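File shown: model31.txt. Contents: compact mmCIF, C-alpha atoms and all ligand atoms.
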```txt
# COMPACT_ATOMS: atom_id res chain seq x y z
CA MET A 1 0.00 0.00 0.00
CA ALA A 2 1.37 3.42 -1.01
CA THR A 3 2.44 5.61 1.92
CA VAL A 4 1.58 8.86 0.11
CA THR A 5 -0.82 9.57 -2.74
CA PRO A 6 1.20 9.26 -5.96
CA GLN A 7 1.40 12.19 -8.37
CA THR A 8 1.91 11.95 -12.10
CA PRO A 9 5.43 12.90 -13.29
CA LEU A 10 4.26 16.12 -14.93
CA GLY A 11 1.83 16.77 -12.05
CA LEU A 12 4.90 16.84 -9.82
CA PHE A 13 6.40 19.59 -11.98
CA GLY A 14 3.11 21.53 -12.00
CA THR A 15 3.51 22.31 -15.70
CA ASP A 16 -0.26 22.61 -16.26
CA ASP A 17 -0.09 25.83 -14.24
CA LEU A 18 2.03 27.30 -17.05
CA ILE A 19 -0.63 26.63 -19.70
CA SER A 20 -3.67 28.83 -20.48
CA THR A 21 -7.16 27.50 -19.81
CA ASP A 22 -8.00 27.55 -23.54
CA ASP A 23 -4.91 25.55 -24.43
CA LEU A 24 -5.59 23.07 -21.61
CA ALA A 25 -9.16 22.57 -22.84
CA MET A 26 -7.94 21.88 -26.37
CA ARG A 27 -5.28 19.51 -25.04
CA ASP A 28 -7.88 17.57 -23.06
CA THR A 29 -10.09 17.21 -26.15
CA VAL A 30 -7.21 15.72 -28.14
CA ARG A 31 -6.24 13.50 -25.18
CA LYS A 32 -9.78 12.11 -25.02
CA PHE A 33 -9.79 11.46 -28.77
CA THR A 34 -6.48 9.59 -28.52
CA GLU A 35 -7.57 7.59 -25.49
CA ASP A 36 -11.02 6.64 -26.83
CA LYS A 37 -10.57 6.34 -30.58
CA ILE A 38 -6.92 5.58 -31.22
CA LYS A 39 -5.24 3.71 -28.39
CA PRO A 40 -7.60 0.70 -28.41
CA GLN A 41 -6.70 -0.03 -32.06
CA LEU A 42 -3.02 0.78 -32.17
CA ALA A 43 -1.56 -2.62 -31.34
CA ASP A 44 -3.55 -4.19 -34.19
CA TRP A 45 -2.57 -1.50 -36.71
CA TYR A 46 1.03 -1.77 -35.63
CA GLU A 47 1.17 -5.53 -35.88
CA ALA A 48 -0.50 -5.47 -39.31
CA GLY A 49 1.66 -2.56 -40.48
CA THR A 50 -1.40 -0.72 -41.81
CA VAL A 51 -3.36 2.31 -40.76
CA PRO A 52 -6.73 3.65 -41.97
CA ALA A 53 -5.16 6.96 -42.94
CA ARG A 54 -8.15 8.32 -44.89
CA ASP A 55 -10.63 7.71 -42.06
CA LEU A 56 -8.16 9.09 -39.55
CA ALA A 57 -7.59 12.23 -41.62
CA LYS A 58 -11.36 12.87 -41.64
CA GLU A 59 -11.59 12.40 -37.87
CA LEU A 60 -8.55 14.58 -37.24
CA GLY A 61 -10.03 17.21 -39.55
CA SER A 62 -13.27 17.19 -37.55
CA LEU A 63 -11.22 17.51 -34.38
CA GLY A 64 -9.66 20.66 -35.89
CA VAL A 65 -6.00 19.66 -35.52
CA LEU A 66 -4.94 19.69 -39.21
CA GLY A 67 -3.03 22.92 -39.80
CA MET A 68 -4.51 24.10 -36.51
CA HIS A 69 -1.93 26.84 -35.87
CA LEU A 70 -2.42 28.41 -39.30
CA GLU A 71 -4.75 31.38 -39.87
CA GLY A 72 -7.59 31.38 -42.40
CA TYR A 73 -8.57 28.91 -45.15
CA GLY A 74 -10.56 26.74 -42.73
CA CYS A 75 -7.67 26.38 -40.24
CA ALA A 76 -8.34 26.78 -36.53
CA GLY A 77 -5.74 29.53 -35.89
CA THR A 78 -4.77 28.34 -32.40
CA SER A 79 -1.65 29.29 -30.47
CA ALA A 80 1.61 27.52 -31.26
CA THR A 81 1.58 26.16 -27.71
CA ALA A 82 -1.83 24.59 -28.33
CA TYR A 83 -0.47 22.96 -31.49
CA GLY A 84 2.49 21.60 -29.52
CA LEU A 85 0.21 20.19 -26.84
CA ALA A 86 -1.95 18.51 -29.49
CA CYS A 87 1.18 16.89 -30.96
CA MET A 88 2.05 15.65 -27.49
CA GLU A 89 -1.35 14.01 -27.00
CA LEU A 90 -1.34 12.45 -30.47
CA GLU A 91 2.15 11.05 -29.96
CA ALA A 92 1.14 9.68 -26.55
CA GLY A 93 -1.02 7.51 -28.80
CA ASP A 94 1.60 6.79 -31.46
CA SER A 95 4.33 8.71 -33.29
CA GLY A 96 2.67 7.58 -36.53
CA LEU A 97 -0.51 9.47 -35.70
CA ARG A 98 1.47 12.59 -34.85
CA SER A 99 3.49 12.15 -38.07
CA LEU A 100 0.30 12.14 -40.13
CA VAL A 101 -0.75 15.41 -38.51
CA SER A 102 2.74 17.00 -38.66
CA VAL A 103 3.21 16.23 -42.33
CA GLN A 104 -0.27 17.38 -43.21
CA GLY A 105 -0.24 20.61 -41.18
CA SER A 106 3.37 21.65 -40.74
CA LEU A 107 4.88 20.41 -43.98
CA ALA A 108 2.32 20.16 -46.80
CA MET A 109 -0.23 22.77 -45.63
CA PHE A 110 2.39 25.14 -44.22
CA ALA A 111 4.34 25.05 -47.50
CA ILE A 112 1.23 26.12 -49.42
CA TRP A 113 0.09 28.57 -46.72
CA LYS A 114 3.48 30.29 -46.48
CA HIS A 115 4.85 29.99 -50.01
CA GLY A 116 1.82 29.35 -52.21
CA SER A 117 -0.28 31.55 -54.53
CA GLU A 118 -3.76 32.61 -53.48
CA GLU A 119 -5.15 30.15 -56.03
CA GLN A 120 -3.13 27.25 -54.53
CA LYS A 121 -4.24 28.18 -51.03
CA GLN A 122 -7.92 28.36 -52.01
CA GLU A 123 -7.72 25.09 -53.89
CA TRP A 124 -6.01 22.97 -51.24
CA LEU A 125 -6.00 24.40 -47.71
CA PRO A 126 -9.73 24.16 -46.79
CA ARG A 127 -9.90 20.54 -48.00
CA MET A 128 -6.71 19.64 -46.20
CA ALA A 129 -7.84 21.31 -42.95
CA ALA A 130 -11.04 19.25 -43.11
CA GLY A 131 -9.13 16.03 -43.79
CA ASP A 132 -10.84 15.64 -47.18
CA ALA A 133 -7.48 15.83 -48.93
CA ILE A 134 -4.21 14.38 -47.64
CA GLY A 135 -0.85 15.98 -48.35
CA CYS A 136 2.75 14.78 -48.36
CA PHE A 137 6.09 16.56 -48.56
CA GLY A 138 8.82 15.25 -50.82
CA LEU A 139 12.28 16.54 -49.98
CA THR A 140 14.47 13.51 -49.12
CA GLU A 141 15.92 11.36 -51.90
CA PRO A 142 17.59 7.94 -51.80
CA ASP A 143 21.06 9.56 -51.88
CA PHE A 144 20.29 12.89 -50.20
CA GLY A 145 18.78 13.07 -46.70
CA SER A 146 20.77 15.27 -44.33
CA ASP A 147 22.13 17.20 -47.31
CA PRO A 148 19.04 17.93 -49.43
CA ALA A 149 20.88 20.62 -51.42
CA GLY A 150 22.35 17.80 -53.53
CA MET A 151 18.94 16.55 -54.70
CA ARG A 152 18.74 15.12 -58.22
CA THR A 153 15.03 15.67 -58.88
CA ARG A 154 14.81 18.18 -61.71
CA ALA A 155 12.07 20.49 -62.95
CA ARG A 156 12.62 21.78 -66.48
CA LYS A 157 10.58 24.29 -68.41
CA ASP A 158 8.86 22.98 -71.57
CA GLY A 159 6.88 25.80 -73.17
CA ASP A 160 4.62 27.12 -70.41
CA ASP A 161 4.74 23.81 -68.53
CA TRP A 162 7.07 22.34 -65.95
CA VAL A 163 8.22 18.73 -66.33
CA LEU A 164 9.46 16.91 -63.21
CA ASP A 165 11.71 13.84 -63.12
CA GLY A 166 13.24 12.16 -60.08
CA THR A 167 12.70 9.99 -57.03
CA LYS A 168 11.88 10.94 -53.46
CA MET A 169 12.31 8.51 -50.58
CA TRP A 170 10.87 7.97 -47.09
CA ILE A 171 7.86 10.18 -47.71
CA THR A 172 5.22 10.08 -44.99
CA ASN A 173 1.62 9.82 -46.30
CA GLY A 174 2.99 9.38 -49.87
CA SER A 175 0.78 6.51 -51.07
CA VAL A 176 -2.40 7.97 -49.57
CA ALA A 177 -1.81 11.58 -50.56
CA ASP A 178 -4.02 13.61 -52.90
CA VAL A 179 -1.36 16.27 -53.23
CA ALA A 180 2.43 16.19 -52.95
CA VAL A 181 4.61 19.22 -52.31
CA VAL A 182 7.73 18.24 -54.25
CA TRP A 183 11.05 20.08 -54.13
CA ALA A 184 13.20 20.03 -57.27
CA GLN A 185 16.28 21.67 -58.79
CA THR A 186 15.55 24.21 -61.50
CA GLU A 187 17.85 26.44 -63.53
CA ASP A 188 17.13 29.06 -60.90
CA LYS A 189 17.56 27.33 -57.52
CA ILE A 190 15.46 24.71 -55.70
CA ARG A 191 11.74 25.33 -56.12
CA GLY A 192 8.60 23.73 -54.68
CA PHE A 193 5.76 22.29 -56.80
CA VAL A 194 2.20 21.43 -55.86
CA VAL A 195 1.61 18.08 -57.56
CA PRO A 196 -1.88 16.47 -57.63
CA THR A 197 -1.05 12.79 -57.20
CA ASP A 198 -3.33 11.74 -60.07
CA THR A 199 -1.05 13.55 -62.55
CA PRO A 200 0.24 11.10 -65.19
CA GLY A 201 3.81 9.97 -64.42
CA PHE A 202 3.41 10.25 -60.63
CA SER A 203 3.41 7.07 -58.53
CA ALA A 204 4.02 6.38 -54.84
CA PRO A 205 4.86 2.78 -53.96
CA GLU A 206 4.62 2.12 -50.23
CA ILE A 207 7.77 1.13 -48.30
CA LYS A 208 7.18 -2.12 -46.40
CA LYS A 209 9.13 -4.20 -43.84
CA LYS A 210 9.57 -1.25 -41.47
CA MET A 211 10.37 -1.99 -37.83
CA SER A 212 9.40 1.54 -36.77
CA LEU A 213 6.37 3.77 -37.44
CA ARG A 214 4.40 0.75 -38.57
CA ALA A 215 1.13 2.64 -38.01
CA SER A 216 2.17 5.27 -40.55
CA VAL A 217 2.33 5.23 -44.35
CA THR A 218 5.87 5.76 -45.71
CA SER A 219 6.48 5.79 -49.47
CA GLU A 220 8.76 6.40 -52.37
CA LEU A 221 7.64 9.09 -54.83
CA VAL A 222 8.47 8.42 -58.48
CA LEU A 223 8.21 11.37 -60.87
CA ASP A 224 8.52 10.22 -64.45
CA GLY A 225 7.95 13.14 -66.81
CA VAL A 226 5.27 14.68 -64.58
CA ARG A 227 3.90 17.62 -66.59
CA LEU A 228 2.46 20.51 -64.61
CA PRO A 229 1.14 23.97 -65.53
CA GLU A 230 3.27 26.99 -64.69
CA SER A 231 0.88 27.78 -61.83
CA ALA A 232 1.96 24.58 -59.99
CA MET A 233 5.15 26.20 -58.71
CA LEU A 234 5.12 27.74 -55.21
CA PRO A 235 5.84 31.38 -56.10
CA GLU A 236 7.23 32.51 -52.75
CA ALA A 237 9.85 29.80 -52.09
CA LYS A 238 13.23 30.10 -53.78
CA GLY A 239 16.22 28.05 -52.63
CA LEU A 240 16.60 25.64 -49.74
CA SER A 241 15.21 28.14 -47.24
CA GLY A 242 11.72 27.25 -48.59
CA PRO A 243 11.67 23.59 -47.47
CA LEU A 244 13.75 24.38 -44.37
CA SER A 245 11.12 26.85 -43.16
CA CYS A 246 8.56 24.02 -43.32
CA LEU A 247 10.86 21.56 -41.52
CA ASN A 248 11.26 24.08 -38.75
CA GLU A 249 7.50 24.03 -38.19
CA ALA A 250 7.36 20.24 -38.05
CA ARG A 251 10.39 20.01 -35.76
CA TYR A 252 8.68 22.37 -33.35
CA GLY A 253 5.74 19.94 -33.11
CA ILE A 254 8.17 17.09 -32.43
CA VAL A 255 9.65 18.97 -29.46
CA PHE A 256 6.29 18.40 -27.73
CA GLY A 257 5.32 15.21 -29.53
CA ALA A 258 8.26 13.10 -28.40
CA LEU A 259 7.40 13.94 -24.81
CA GLY A 260 3.95 12.45 -25.34
CA ALA A 261 5.50 9.11 -26.20
CA ALA A 262 7.84 9.39 -23.20
CA ARG A 263 4.98 10.30 -20.85
CA ASP A 264 2.93 7.35 -22.01
CA CYS A 265 5.90 5.02 -21.42
CA LEU A 266 6.62 6.42 -17.98
CA GLU A 267 3.02 6.46 -16.75
CA THR A 268 2.49 2.93 -18.04
CA THR A 269 5.66 1.80 -16.30
CA ILE A 270 4.90 3.46 -12.98
CA ALA A 271 1.49 1.74 -12.92
CA TYR A 272 3.12 -1.56 -13.87
CA THR A 273 5.77 -1.38 -11.13
CA ARG A 274 3.15 -0.60 -8.50
CA ASP A 275 1.21 -3.67 -9.55
CA ARG A 276 3.99 -6.14 -10.26
CA GLN A 277 4.98 -8.21 -7.22
CA ILE A 278 8.60 -9.34 -7.11
CA PHE A 279 10.13 -11.11 -4.09
CA ASP A 280 6.89 -10.50 -2.16
CA LYS A 281 6.58 -6.74 -2.67
CA PRO A 282 5.76 -4.28 -5.46
CA LEU A 283 8.56 -3.61 -7.95
CA ALA A 284 7.86 0.10 -7.30
CA GLY A 285 9.04 -0.34 -3.70
CA TYR A 286 12.66 -1.13 -4.63
CA GLN A 287 15.27 1.62 -4.58
CA ALA A 288 16.76 0.44 -7.88
CA THR A 289 13.34 0.98 -9.51
CA GLN A 290 12.79 4.37 -7.93
CA LEU A 291 16.20 5.65 -9.02
CA LYS A 292 15.21 4.90 -12.60
CA LEU A 293 11.71 6.38 -12.22
CA ALA A 294 13.03 9.54 -10.54
CA ASP A 295 15.62 10.15 -13.27
CA MET A 296 13.04 9.62 -16.00
CA THR A 297 10.56 11.94 -14.24
CA LEU A 298 13.24 14.60 -14.10
CA GLU A 299 14.05 14.37 -17.81
CA LEU A 300 10.37 14.36 -18.81
CA GLY A 301 9.68 17.45 -16.70
CA LYS A 302 12.78 19.30 -17.90
CA GLY A 303 11.82 18.49 -21.50
CA MET A 304 8.30 19.83 -20.87
CA LEU A 305 9.64 23.07 -19.40
CA LEU A 306 11.86 23.48 -22.46
CA ALA A 307 8.94 22.75 -24.81
CA LEU A 308 6.70 25.29 -23.08
CA HIS A 309 9.47 27.88 -23.18
CA LEU A 310 9.92 27.35 -26.93
CA GLY A 311 6.12 27.47 -27.31
CA ARG A 312 6.04 30.90 -25.63
CA LEU A 313 8.83 32.13 -27.91
CA LYS A 314 6.94 30.87 -30.96
CA ASP A 315 3.71 32.49 -29.83
CA ASN A 316 5.68 35.76 -29.50
CA HIS A 317 7.19 35.23 -32.99
CA GLU A 318 10.66 35.13 -31.43
CA LEU A 319 11.59 31.45 -31.92
CA ARG A 320 14.81 30.91 -33.89
CA SER A 321 15.60 27.75 -35.83
CA GLU A 322 18.65 26.90 -33.69
CA GLN A 323 16.40 27.04 -30.63
CA VAL A 324 14.08 24.51 -32.28
CA SER A 325 17.20 22.32 -32.68
CA LEU A 326 17.79 22.53 -28.91
CA GLY A 327 14.30 21.19 -28.29
CA LYS A 328 14.27 18.53 -31.02
CA LEU A 329 17.68 17.16 -30.02
CA ASN A 330 17.04 17.09 -26.29
CA ASN A 331 13.45 15.94 -26.19
CA VAL A 332 13.73 13.15 -28.76
CA ARG A 333 17.00 11.91 -27.27
CA GLU A 334 15.52 11.87 -23.75
CA ALA A 335 12.25 10.34 -24.94
CA ILE A 336 13.99 7.38 -26.56
CA SER A 337 16.16 6.93 -23.50
CA ILE A 338 13.03 6.92 -21.28
CA ALA A 339 11.30 4.41 -23.57
CA ARG A 340 14.28 2.05 -23.45
CA GLU A 341 14.62 2.32 -19.65
CA CYS A 342 10.89 1.73 -19.18
CA ARG A 343 11.21 -1.40 -21.31
CA THR A 344 13.67 -2.85 -18.80
CA LEU A 345 11.23 -2.32 -15.93
CA LEU A 346 8.47 -4.18 -17.75
CA GLY A 347 10.68 -7.25 -18.10
CA ALA A 348 9.44 -9.71 -20.72
CA ASN A 349 6.06 -7.97 -20.89
CA GLY A 350 7.96 -4.97 -22.23
CA ILE A 351 8.66 -6.63 -25.55
CA THR A 352 4.99 -7.17 -26.44
CA LEU A 353 2.34 -4.97 -28.02
CA GLU A 354 0.21 -5.53 -24.90
CA TYR A 355 2.12 -2.53 -23.53
CA PRO A 356 2.97 0.58 -25.59
CA VAL A 357 6.57 0.90 -24.47
CA MET A 358 8.54 -0.98 -27.12
CA ARG A 359 6.23 0.37 -29.83
CA HIS A 360 7.09 3.91 -28.70
CA ALA A 361 10.80 3.06 -28.46
CA ASN A 362 10.79 1.66 -32.00
CA ASN A 363 8.86 4.68 -33.32
CA LEU A 364 11.26 7.09 -31.69
CA GLU A 365 14.09 5.56 -33.73
CA SER A 366 12.47 7.20 -36.78
CA VAL A 367 11.77 10.42 -34.91
CA LEU A 368 15.46 10.55 -33.95
CA THR A 369 16.33 10.39 -37.66
CA TYR A 370 13.69 12.43 -39.45
CA GLU A 371 13.33 16.20 -39.41
CA GLY A 372 17.10 16.45 -38.98
CA THR A 373 19.05 13.67 -37.28
CA SER A 374 20.40 14.21 -33.76
CA GLU A 375 23.86 14.72 -35.21
CA VAL A 376 22.62 17.41 -37.59
CA HIS A 377 20.96 19.25 -34.68
CA GLN A 378 24.20 18.94 -32.68
CA LEU A 379 25.98 20.59 -35.61
CA VAL A 380 23.38 23.38 -35.70
CA ILE A 381 23.91 24.01 -31.99
CA GLY A 382 27.68 23.70 -32.39
CA GLN A 383 27.59 26.33 -35.10
CA ALA A 384 25.41 28.61 -32.97
CA VAL A 385 27.83 28.57 -30.03
CA THR A 386 31.12 28.62 -31.96
CA GLY A 387 30.24 30.54 -35.08
CA GLU A 388 31.91 27.77 -37.10
CA ALA A 389 29.94 25.59 -39.55
CA ALA A 390 31.10 21.95 -39.37
CA PHE A 391 28.60 20.32 -41.72
CA ARG A 392 31.18 19.49 -44.37
C1 LIG B 401 9.69 6.99 -41.10
C2 LIG B 401 10.30 8.14 -41.83
C3 LIG B 401 9.49 9.12 -42.38
C4 LIG B 401 10.05 10.17 -43.11
N1 LIG B 401 9.23 11.12 -43.69
C5 LIG B 401 9.77 12.04 -44.55
C6 LIG B 401 8.91 12.93 -45.30
O1 LIG B 401 7.69 12.93 -45.14
N2 LIG B 401 9.49 13.78 -46.18
C7 LIG B 401 10.85 13.82 -46.40
O2 LIG B 401 11.29 14.60 -47.24
N3 LIG B 401 11.67 12.99 -45.69
C8 LIG B 401 11.17 12.11 -44.79
N4 LIG B 401 12.00 11.26 -44.09
C9 LIG B 401 13.44 11.28 -44.38
C10 LIG B 401 14.28 11.87 -43.27
O3 LIG B 401 14.09 13.25 -43.19
C11 LIG B 401 15.74 11.47 -43.55
O4 LIG B 401 15.82 10.08 -43.30
C12 LIG B 401 16.73 12.24 -42.69
O5 LIG B 401 16.85 13.57 -43.14
C13 LIG B 401 18.13 11.60 -42.70
O6 LIG B 401 18.55 11.35 -43.99
P1 LIG B 401 19.13 9.91 -44.39
O7 LIG B 401 18.18 8.87 -43.91
O8 LIG B 401 19.44 9.96 -45.84
O9 LIG B 401 20.45 9.77 -43.53
P2 LIG B 401 21.89 10.33 -43.93
O10 LIG B 401 21.77 11.76 -44.29
O11 LIG B 401 22.52 9.40 -44.90
O12 LIG B 401 22.63 10.21 -42.53
C14 LIG B 401 23.27 9.00 -42.07
C15 LIG B 401 24.06 9.33 -40.81
O13 LIG B 401 25.04 10.33 -41.11
C16 LIG B 401 24.95 11.37 -40.15
N5 LIG B 401 25.38 12.65 -40.74
C17 LIG B 401 24.78 13.34 -41.74
N6 LIG B 401 25.47 14.47 -42.00
C18 LIG B 401 26.50 14.51 -41.13
C19 LIG B 401 27.58 15.42 -40.89
N7 LIG B 401 27.70 16.55 -41.59
N8 LIG B 401 28.47 15.11 -39.92
C20 LIG B 401 28.35 13.97 -39.20
N9 LIG B 401 27.36 13.07 -39.36
C21 LIG B 401 26.46 13.33 -40.33
C22 LIG B 401 23.49 11.39 -39.76
O14 LIG B 401 23.30 12.07 -38.54
C23 LIG B 401 23.19 9.91 -39.69
O15 LIG B 401 23.61 9.41 -38.45
C24 LIG B 401 11.46 10.24 -43.28
C25 LIG B 401 12.27 9.27 -42.69
C26 LIG B 401 11.71 8.24 -41.95
C27 LIG B 401 12.61 7.21 -41.33
```

Produce structure tokens that represent the structure in this file.
Ligand SMILES: Cc1cc2nc3c(=O)[nH]c(=O)nc-3n(C[C@H](O)[C@H](O)[C@H](O)COP(=O)(O)OP(=O)(O)OC[C@H]3O[C@@H](n4cnc5c(N)ncnc54)[C@H](O)[C@@H]3O)c2cc1C
Amino acid sequence: MATVTPQTPLGLFGTDDLISTDDLAMRDTVRKFTEDKIKPQLADWYEAGTVPARDLAKELGSLGVLGMHLEGYGCAGTSATAYGLACMELEAGDSGLRSLVSVQGSLAMFAIWKHGSEEQKQEWLPRMAAGDAIGCFGLTEPDFGSDPAGMRTRARKDGDDWVLDGTKMWITNGSVADVAVVWAQTEDKIRGFVVPTDTPGFSAPEIKKKMSLRASVTSELVLDGVRLPESAMLPEAKGLSGPLSCLNEARYGIVFGALGAARDCLETTIAYTRDRQIFDKPLAGYQATQLKLADMTLELGKGMLLALHLGRLKDNHELRSEQVSLGKLNNVREAISIARECRTLLGANGITLEYPVMRHANNLESVLTYEGTSEVHQLVIGQAVTGEAAFR
């Protein structure tokens, strides 16, 4: 029997007191959706390696989380902090669910919202906000991930048209997308193109045999003479700063999101250790267990304080990209470390899908790599504090 009433890890930090009532209400709505509609089905989706992305997009659109921090065009226009908190609740369900929302809102919709023409915005954003159209974002290629400037996908002018050729790799939502934002080399820098996925020459075979993000669609994009009108180009994005501005948005969501996965692991594990009897007493009652739980609580709370700080900066339009790197690097690295430590406390049960812990740990392997690997974010921070670029 517990000697004092237990508190949740984040309850101990009192971080809810730092969040506005509106943002808390929104967070609780997304938490309820994840608990009621998503969590009961995740183990099955994960085991099968499939996810009902179209149905989910509709539900997420009704919930108002697709492009929720954008203004106008059917988007909810919430605070950046609210968007972060939604990412956290979705990723407490599964990183795949949060990925669907990040790619839709922060990559595909944001690219059109920030860099698109009025016509492109009117055509796509309201449908995407409602979940009636799914978007993907094609930057990475088989030979160019951390260094996208080397991309081989080309867009060449043919009369008034653009013709795109190339291959993109590891593209979230690719096979289920209605529209792809594709980045390509042109004679005048890298440019973005809004590509309806039913355009002849476009195909998106799904990547199978993944051991991570199994409840998320990941695809190759093949562009074989894809002919587009001149109006398909994003007019306001020229050079690599275009796609990087979108990545910055998605990385910001991950700063919060990864903590959702970590929180779910830690809360699951605390409950498990209180229940699990070992040598005639609860596993939670051993000092070796509590040392682990205390350290994980500390890292979760510190990560949350950092996320909320970055959220405030973003809401004040003061957040810099190297500060997003601080959050992405720290919070994903700590989240994966928490997931792995929690797995040890669950013993053999920890390796099954009966508990979410190993699923989160496996997912976080992808989160560690996408949106800038940990090493790339270390280099960004290294450059910020030394003034020296060490990327090449
Ligand atoms: C599940 C999943 C979904 C994804 N979704 C998308 C998507 O929707 N759209 C999209 O465009 N991309 C997507 N990606 C791709 C992702 O962004 C890339 O995988 C990522 O940028 C890393 O590129 P890479 O895999 O080619 O690794 P590489 O760039 O080959 O890196 C390999 C290793 O080298 C290290 N490294 C790289 N540069 C340096 C350096 N200068 N110094 C030292 N070490 C270095 C890296 O940190 C890493 O450890 C996704 C990836 C995954 C796994």

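The space separating atom C5 of ligand LIG 401 (chain B) from atom CA of A:Gly311 comes to 23.4 Å.
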
May I have the centre and edge lengths, in Å to one decimal, of an axis-aligned box around the listed atoms of stretch 364-368 of chain A with 3 Å added to every side, as AutoDock Vina command-line options?
```
--center_x 13.4 --center_y 8.1 --center_z -34.2 --size_x 10.2 --size_y 11.0 --size_z 11.1
```

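In this comparison, which uses only C-alpha atoms, the residue of A:Leu300, A:Asp165, A:Leu90, A:Pro40 approaching A:Asp28 most closely is A:Leu90.
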
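Counting all atoms listed in the file, the residue from A:Gln383, A:Asn173, A:Asn248, A:Gln7 that sits nearest to ligand LIG 401 (chain B) is A:Asn173.
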
8 Å contact set for stretch 315-322 of chain A, all atoms listed in the file, chain neighbours under 5 positions out, as a VMD selection string: chain A and resid 79 to 81 248 310 380 to 381 384

A:Gly166 environment, 12 Å, all atoms listed in the file, sequence neighbours closer than 3 positions dropped, as a PyMOL selection string: chain A and resi 138-143+151-156+163+169+182-185+201-203+220-226

Point-to-point distance from atom C3 of ligand LIG 401 (chain B) to atom CA of A:Pro126, Å rounded to tenths: 24.8 Å

Set out as CSV a contact list for chain A and ligand LIG 401 (chain B) with a cut-off of 7 Å, giving each residue of chain A that qualifies its closest atom pair and distance in Å to one decimal, counting all atoms listed in the file, ordered by chain and rising residue number.
```
residue,atom,partner,partner_atom,distance
A:Val103,CA,B:LIG401,O1,6.2
A:Cys136,CA,B:LIG401,O1,6.2
A:Phe137,CA,B:LIG401,N2,5.0
A:Gly138,CA,B:LIG401,O2,4.4
A:Leu139,CA,B:LIG401,O2,3.5
A:Thr140,CA,B:LIG401,O2,3.9
A:Pro142,CA,B:LIG401,O8,6.6
A:Asp143,CA,B:LIG401,O8,6.3
A:Phe144,CA,B:LIG401,O8,5.3
A:Gly145,CA,B:LIG401,O6,3.2
A:Ser146,CA,B:LIG401,O10,3.6
A:Asp147,CA,B:LIG401,O10,6.2
A:Met169,CA,B:LIG401,N3,6.7
A:Trp170,CA,B:LIG401,C24,4.5
A:Ile171,CA,B:LIG401,O1,3.8
A:Thr172,CA,B:LIG401,O1,3.8
A:Asn173,CA,B:LIG401,O1,6.9
A:Ser212,CA,B:LIG401,C1,7.0
A:Leu213,CA,B:LIG401,C1,5.9
A:Thr218,CA,B:LIG401,C3,6.0
A:Ser366,CA,B:LIG401,C27,4.6
A:Thr369,CA,B:LIG401,C12,5.4
A:Tyr370,CA,B:LIG401,O3,3.8
A:Glu371,CA,B:LIG401,O3,4.9
A:Gly372,CA,B:LIG401,O5,5.1
A:Thr373,CA,B:LIG401,O14,4.7
A:Ser374,CA,B:LIG401,O14,6.0
A:Glu375,CA,B:LIG401,O14,4.3
A:Val376,CA,B:LIG401,O14,5.5
A:Ala390,CA,B:LIG401,N7,6.8
A:Phe391,CA,B:LIG401,N7,3.9
A:Arg392,CA,B:LIG401,N7,5.3
```

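The shortest atom-to-atom distance to A:Met109, with only C-alpha atoms taken into account, belongs to A:Leu247 out of A:Ala204, A:Val51, A:Leu247, A:Ala339.
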
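Atom CA of A:Tyr83 is found 27.0 Å from atom CA of A:Pro196.
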
With a distance cut-off of 9 Å and only C-alpha atoms, select the neighbouring residues of A:Leu42, excluding the residue or stretch itself and same-chain residues fewer than 4 positions from it, and output the selection as a CSV table (one decimal) with C-alpha atoms, keeping the file's coordinate frame.
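Once everything was written out, this is around.csv:
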```csv
chain,number,residue,atom,x,y,z
A,38,ILE,CA,-6.9,5.6,-31.2
A,46,TYR,CA,1.0,-1.8,-35.6
A,47,GLU,CA,1.2,-5.5,-35.9
A,51,VAL,CA,-3.4,2.3,-40.8
A,93,GLY,CA,-1.0,7.5,-28.8
A,94,ASP,CA,1.6,6.8,-31.5
A,215,ALA,CA,1.1,2.6,-38.0
A,353,LEU,CA,2.3,-5.0,-28.0
A,356,PRO,CA,3.0,0.6,-25.6
```

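Distance check against A:Leu266 using only C-alpha atoms: of A:Pro282, A:Gly327, A:Gly301, A:Gly242, the minimum falls on A:Gly301.
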
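Closest approach to A:Ser245 from the set A:Trp113, A:Asp55, A:Val195, A:Glu334 is made by A:Trp113, with distances taken over only C-alpha atoms.
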
Env of stretch 253-261 of chain A: 7 Å cut, atoms = all atoms listed in the file, seq-sep filter 6 positions within chain, self excluded. Answer as a PDB file with C-alpha atoms, in the coordinates of the input.
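New file selection-v4.pdb:
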```
ATOM      1  CA  GLY A  84       2.490  21.600 -29.520  1.00  0.00           C
ATOM      2  CA  LEU A  85       0.210  20.190 -26.840  1.00  0.00           C
ATOM      3  CA  CYS A  87       1.180  16.890 -30.960  1.00  0.00           C
ATOM      4  CA  MET A  88       2.050  15.650 -27.490  1.00  0.00           C
ATOM      5  CA  GLU A  89      -1.350  14.010 -27.000  1.00  0.00           C
ATOM      6  CA  GLU A  91       2.150  11.050 -29.960  1.00  0.00           C
ATOM      7  CA  ALA A  92       1.140   9.680 -26.550  1.00  0.00           C
ATOM      8  CA  ASP A  94       1.600   6.790 -31.460  1.00  0.00           C
ATOM      9  CA  SER A 102       2.740  17.000 -38.660  1.00  0.00           C
ATOM     10  CA  LEU A 300      10.370  14.360 -18.810  1.00  0.00           C
ATOM     11  CA  ALA A 307       8.940  22.750 -24.810  1.00  0.00           C
ATOM     12  CA  GLY A 327      14.300  21.190 -28.290  1.00  0.00           C
ATOM     13  CA  LYS A 328      14.270  18.530 -31.020  1.00  0.00           C
ATOM     14  CA  ASN A 331      13.450  15.940 -26.190  1.00  0.00           C
ATOM     15  CA  VAL A 332      13.730  13.150 -28.760  1.00  0.00           C
ATOM     16  CA  ALA A 335      12.250  10.340 -24.940  1.00  0.00           C
ATOM     17  CA  HIS A 360       7.090   3.910 -28.700  1.00  0.00           C
TER      18      HIS A 360
END
```
